[in-house]
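Okay, run-v8.cif now, which holds mmCIF, C-alpha atoms, pLDDT in the B column; chains and numbers go by the auth columns:
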data_model
#
loop_
_atom_site.group_PDB
_atom_site.id
_atom_site.type_symbol
_atom_site.label_atom_id
_atom_site.label_comp_id
_atom_site.label_asym_id
_atom_site.label_seq_id
_atom_site.Cartn_x
_atom_site.Cartn_y
_atom_site.Cartn_z
_atom_site.B_iso_or_equiv
_atom_site.auth_seq_id
_atom_site.auth_asym_id
ATOM 1 C CA MET A 1 1.783 35.582 -24.519 87.00 1 V
ATOM 2 C CA LEU A 2 0.991 32.974 -27.131 93.00 2 V
ATOM 3 C CA ARG A 3 1.308 34.314 -30.678 96.00 3 V
ATOM 4 C CA ASN A 4 -0.301 32.591 -33.642 97.00 4 V
ATOM 5 C CA HIS A 5 -0.529 32.678 -37.421 98.00 5 V
ATOM 6 C CA VAL A 6 -3.975 31.128 -37.758 98.00 6 V
ATOM 7 C CA ARG A 7 -5.462 34.097 -39.625 98.00 7 V
ATOM 8 C CA GLU A 8 -2.597 34.174 -42.131 98.00 8 V
ATOM 9 C CA LEU A 9 -2.733 30.426 -42.699 98.00 9 V
ATOM 10 C CA ARG A 10 -6.504 30.550 -43.172 98.00 10 V
ATOM 11 C CA ALA A 11 -6.082 33.301 -45.755 98.00 11 V
ATOM 12 C CA ARG A 12 -3.374 31.294 -47.512 98.00 12 V
ATOM 13 C CA ASP A 13 -5.678 28.291 -47.767 98.00 13 V
ATOM 14 C CA ARG A 14 -8.795 30.396 -48.397 98.00 14 V
ATOM 15 C CA LEU A 15 -10.668 29.027 -45.398 98.00 15 V
ATOM 16 C CA SER A 16 -13.248 30.924 -43.387 98.00 16 V
ATOM 17 C CA GLN A 17 -13.311 30.716 -39.611 98.00 17 V
ATOM 18 C CA ALA A 18 -16.365 28.463 -39.964 98.00 18 V
ATOM 19 C CA ASP A 19 -14.520 26.197 -42.434 98.00 19 V
ATOM 20 C CA LEU A 20 -11.569 25.762 -40.094 98.00 20 V
ATOM 21 C CA ALA A 21 -13.846 25.240 -37.104 98.00 21 V
ATOM 22 C CA LYS A 22 -15.658 22.434 -38.888 98.00 22 V
ATOM 23 C CA LEU A 23 -12.389 20.750 -39.881 98.00 23 V
ATOM 24 C CA ILE A 24 -11.090 20.701 -36.298 98.00 24 V
ATOM 25 C CA GLU A 25 -14.468 20.090 -34.652 98.00 25 V
ATOM 26 C CA ALA A 26 -14.586 23.412 -32.790 98.00 26 V
ATOM 27 C CA SER A 27 -16.818 26.467 -32.916 98.00 27 V
ATOM 28 C CA ARG A 28 -16.263 29.502 -35.127 98.00 28 V
ATOM 29 C CA GLN A 29 -16.143 31.554 -31.930 98.00 29 V
ATOM 30 C CA THR A 30 -13.205 29.448 -30.704 98.00 30 V
ATOM 31 C CA ILE A 31 -11.292 30.206 -33.913 98.00 31 V
ATOM 32 C CA ALA A 32 -12.024 33.924 -33.517 98.00 32 V
ATOM 33 C CA LEU A 33 -10.785 33.867 -29.906 98.00 33 V
ATOM 34 C CA ILE A 34 -7.598 32.018 -30.884 98.00 34 V
ATOM 35 C CA GLU A 35 -6.888 34.479 -33.701 98.00 35 V
ATOM 36 C CA ARG A 36 -7.348 37.463 -31.353 97.00 36 V
ATOM 37 C CA GLY A 37 -5.067 35.876 -28.769 95.00 37 V
ATOM 38 C CA ASP A 38 -7.883 35.716 -26.208 96.00 38 V
ATOM 39 C CA TYR A 39 -7.769 31.915 -25.965 96.00 39 V
ATOM 40 C CA SER A 40 -4.887 29.459 -25.839 96.00 40 V
ATOM 41 C CA PRO A 41 -5.927 26.192 -27.461 97.00 41 V
ATOM 42 C CA SER A 42 -5.312 22.800 -25.915 97.00 42 V
ATOM 43 C CA VAL A 43 -2.466 20.735 -27.294 97.00 43 V
ATOM 44 C CA VAL A 44 -4.987 18.544 -29.129 98.00 44 V
ATOM 45 C CA LEU A 45 -6.654 21.556 -30.756 98.00 45 V
ATOM 46 C CA ALA A 46 -3.278 23.069 -31.689 98.00 46 V
ATOM 47 C CA LEU A 47 -2.227 19.787 -33.296 98.00 47 V
ATOM 48 C CA LYS A 48 -5.487 19.606 -35.263 98.00 48 V
ATOM 49 C CA ILE A 49 -4.987 23.164 -36.526 98.00 49 V
ATOM 50 C CA ALA A 50 -1.415 22.417 -37.588 98.00 50 V
ATOM 51 C CA ARG A 51 -2.549 19.236 -39.350 98.00 51 V
ATOM 52 C CA VAL A 52 -5.182 21.126 -41.371 98.00 52 V
ATOM 53 C CA PHE A 53 -2.530 23.572 -42.585 98.00 53 V
ATOM 54 C CA LYS A 54 0.088 20.816 -43.077 98.00 54 V
ATOM 55 C CA VAL A 55 2.648 22.613 -40.928 98.00 55 V
ATOM 56 C CA ARG A 56 4.322 22.040 -37.569 98.00 56 V
ATOM 57 C CA VAL A 57 2.618 23.352 -34.422 98.00 57 V
ATOM 58 C CA GLU A 58 5.596 25.689 -34.021 97.00 58 V
ATOM 59 C CA ASP A 59 4.752 27.211 -37.413 97.00 59 V
ATOM 60 C CA VAL A 60 1.296 28.132 -36.108 98.00 60 V
ATOM 61 C CA PHE A 61 1.967 28.996 -32.462 97.00 61 V
ATOM 62 C CA SER A 62 4.907 30.537 -30.617 96.00 62 V
ATOM 63 C CA LEU A 63 5.601 32.144 -27.270 93.00 63 V
ATOM 64 C CA ASP A 64 6.321 35.840 -27.080 85.00 64 V
ATOM 65 C CA GLN A 65 10.025 36.531 -26.442 78.00 65 V
ATOM 66 C CA GLU A 66 9.310 37.965 -22.962 65.00 66 V
ATOM 67 C CA GLU A 67 7.956 34.661 -21.704 49.00 67 V
ATOM 68 C CA GLU A 68 10.647 32.566 -23.389 49.00 68 V
ATOM 69 C CA THR A 69 13.418 34.312 -21.425 53.00 69 V
ATOM 70 C CA GLY A 70 11.582 34.295 -18.080 54.00 70 V
ATOM 71 C CA ASP A 71 13.079 32.721 -14.974 52.00 71 V
ATOM 72 C CA ASP A 72 10.089 30.419 -14.362 52.00 72 V
ATOM 73 C CA ALA A 73 11.849 27.267 -15.647 47.00 73 V
#
Spell out the structure here as C-alpha cells.
Amino acid sequence: MLRNHVRELRARDRLSQADLAKLIEASRQTIALIERGDYSPSVVLALKIARVFKVRVEDVFSLDQEEETGDDA
C-alpha cells in the first residue's frame, strides 16, 4: 500500500485541497483520493506534488513495509 503525507504537508503550508489541485493541474477530487489512499498518483503527479512542497518524492510517498519486503522483485 502506498502511504502519503499530502494532508500533513498541505496543513504545514496552509493549502486547501483546491489550492494544491490548482498548483499541480489536477482536480480537488484527485487530491482527496490521494490523501485517502484510494488513488496512487502517476510519477509525474507525484513529482509535481513534491515540487510544490519543496521536498523529495520519498518525503511525500512511501510503500508500506509489507510490500517492501515482498518476494515480487
Practice problem: Report as a list in words the residues that result from applying the PyMOL selection byres ((chain V and resi 4) around 8) to the structure here. | Solution: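 Evaluating the PyMOL selection byres ((chain V and resi 4) around 8) on these coordinates yields Leu2, Arg3, His5, Val6, Ile34, Glu35, Gly37, Val60, Phe61 and Ser62 of chain V.
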Exercise. Show which residues sit within 10 Å of Leu9 (chain V), as a VMD selection string. Count all atoms listed in the file, and ignore same-chain residues fewer than 3 positions away.
Key: chain V and resid 4 to 6 12 to 15 49 to 50 52 to 53 55 59 to 60
Resulting file, chosen residues, C-alpha atoms, as a PDB file, keeping the file's coordinate frame:
ATOM      1  CA  ASN V   4      -0.301  32.591 -33.642  1.00 97.00           C
ATOM      2  CA  HIS V   5      -0.529  32.678 -37.421  1.00 98.00           C
ATOM      3  CA  VAL V   6      -3.975  31.128 -37.758  1.00 98.00           C
ATOM      4  CA  ARG V  12      -3.374  31.294 -47.512  1.00 98.00           C
ATOM      5  CA  ASP V  13      -5.678  28.291 -47.767  1.00 98.00           C
ATOM      6  CA  ARG V  14      -8.795  30.396 -48.397  1.00 98.00           C
ATOM      7  CA  LEU V  15     -10.668  29.027 -45.398  1.00 98.00           C
ATOM      8  CA  ILE V  49      -4.987  23.164 -36.526  1.00 98.00           C
ATOM      9  CA  ALA V  50      -1.415  22.417 -37.588  1.00 98.00           C
ATOM     10  CA  VAL V  52      -5.182  21.126 -41.371  1.00 98.00           C
ATOM     11  CA  PHE V  53      -2.530  23.572 -42.585  1.00 98.00           C
ATOM     12  CA  VAL V  55       2.648  22.613 -40.928  1.00 98.00           C
ATOM     13  CA  ASP V  59       4.752  27.211 -37.413  1.00 97.00           C
ATOM     14  CA  VAL V  60       1.296  28.132 -36.108  1.00 98.00           C
TER      15      VAL V  60
END
Practice problem: Up to 10 Å from (-11.6, 24.1, -32.1) in the file's coordinates: name the residues, counting only C-alpha atoms, as a VMD selection string. | Solution: chain V and resid 20 to 32 34 41 to 42 44 to 46 48 to 49
Quiz prompt | Nearest-residue call for Leu33 (chain V), choices V:Gln17, V:Leu63, V:Glu8, V:Leu47, using all atoms listed in the file | solution =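 Smallest distance to Leu33 (chain V) is found for V:Gln17.
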Would you compute, for all listed atoms of region 51-54 of chain V, the axis-aligned bounding box grown by 5 Å on each side, and then report its centre and edge lengths in Å rounded to one decimal, as JSON?
{"center_x": -2.5, "center_y": 21.4, "center_z": -41.2, "size_x": 15.3, "size_y": 14.3, "size_z": 13.7}
Take region 15-26 of chain V, bring it up to all heavy atoms, and give me the output as a compact mmCIF listing (two decimals), keeping the file's coordinate frame.
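Result file follows (selection-v4.txt):
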# COMPACT_ATOMS: atom_id res chain seq x y z
N LEU V 15 -9.68 29.62 -46.29
CA LEU V 15 -10.67 29.03 -45.40
C LEU V 15 -11.31 30.12 -44.55
O LEU V 15 -10.61 31.04 -44.09
CB LEU V 15 -10.01 28.03 -44.44
CG LEU V 15 -9.44 26.75 -45.02
CD1 LEU V 15 -8.67 25.98 -43.95
CD2 LEU V 15 -10.55 25.88 -45.59
N SER V 16 -12.58 30.02 -44.32
CA SER V 16 -13.25 30.92 -43.39
C SER V 16 -13.04 30.38 -41.98
O SER V 16 -12.60 29.24 -41.78
CB SER V 16 -14.74 31.00 -43.69
OG SER V 16 -15.36 29.76 -43.39
N GLN V 17 -13.37 31.20 -40.99
CA GLN V 17 -13.31 30.72 -39.61
C GLN V 17 -14.24 29.51 -39.44
O GLN V 17 -13.88 28.54 -38.78
CB GLN V 17 -13.71 31.81 -38.63
CG GLN V 17 -12.67 32.90 -38.49
CD GLN V 17 -13.09 33.98 -37.52
OE1 GLN V 17 -14.26 34.13 -37.19
NE2 GLN V 17 -12.12 34.75 -37.05
N ALA V 18 -15.40 29.57 -40.05
CA ALA V 18 -16.36 28.46 -39.96
C ALA V 18 -15.81 27.20 -40.62
O ALA V 18 -16.00 26.09 -40.09
CB ALA V 18 -17.69 28.86 -40.60
N ASP V 19 -15.13 27.35 -41.75
CA ASP V 19 -14.52 26.20 -42.43
C ASP V 19 -13.50 25.51 -41.53
O ASP V 19 -13.51 24.30 -41.37
CB ASP V 19 -13.82 26.61 -43.73
CG ASP V 19 -14.76 27.12 -44.80
OD1 ASP V 19 -15.95 26.75 -44.80
OD2 ASP V 19 -14.28 27.91 -45.65
N LEU V 20 -12.60 26.31 -40.96
CA LEU V 20 -11.57 25.76 -40.09
C LEU V 20 -12.20 25.12 -38.86
O LEU V 20 -11.80 24.02 -38.46
CB LEU V 20 -10.57 26.85 -39.68
CG LEU V 20 -9.46 26.40 -38.73
CD1 LEU V 20 -8.65 25.24 -39.32
CD2 LEU V 20 -8.57 27.57 -38.37
N ALA V 21 -13.17 25.78 -38.28
CA ALA V 21 -13.85 25.24 -37.10
C ALA V 21 -14.43 23.86 -37.39
O ALA V 21 -14.28 22.94 -36.58
CB ALA V 21 -14.93 26.20 -36.64
N LYS V 22 -15.06 23.72 -38.53
CA LYS V 22 -15.66 22.43 -38.89
C LYS V 22 -14.59 21.36 -39.04
O LYS V 22 -14.76 20.22 -38.57
CB LYS V 22 -16.46 22.58 -40.18
CG LYS V 22 -17.24 21.35 -40.56
CD LYS V 22 -18.11 21.60 -41.77
CE LYS V 22 -18.93 20.37 -42.11
NZ LYS V 22 -19.81 20.59 -43.25
N LEU V 23 -13.47 21.71 -39.65
CA LEU V 23 -12.39 20.75 -39.88
C LEU V 23 -11.75 20.26 -38.58
O LEU V 23 -11.28 19.12 -38.51
CB LEU V 23 -11.32 21.35 -40.78
CG LEU V 23 -11.71 21.56 -42.24
CD1 LEU V 23 -10.67 22.41 -42.96
CD2 LEU V 23 -11.89 20.22 -42.94
N ILE V 24 -11.73 21.10 -37.56
CA ILE V 24 -11.09 20.70 -36.30
C ILE V 24 -12.11 20.41 -35.20
O ILE V 24 -11.73 20.21 -34.05
CB ILE V 24 -10.07 21.76 -35.81
CG1 ILE V 24 -10.76 23.06 -35.45
CG2 ILE V 24 -8.98 21.96 -36.84
CD1 ILE V 24 -9.88 24.03 -34.69
N GLU V 25 -13.38 20.39 -35.58
CA GLU V 25 -14.47 20.09 -34.65
C GLU V 25 -14.49 21.06 -33.47
O GLU V 25 -14.49 20.66 -32.30
CB GLU V 25 -14.38 18.64 -34.17
CG GLU V 25 -14.49 17.65 -35.32
CD GLU V 25 -14.28 16.21 -34.89
OE1 GLU V 25 -13.56 15.96 -33.90
OE2 GLU V 25 -14.87 15.34 -35.54
N ALA V 26 -14.49 22.34 -33.78
CA ALA V 26 -14.59 23.41 -32.79
C ALA V 26 -15.63 24.41 -33.28
O ALA V 26 -16.18 24.25 -34.36
CB ALA V 26 -13.23 24.09 -32.61
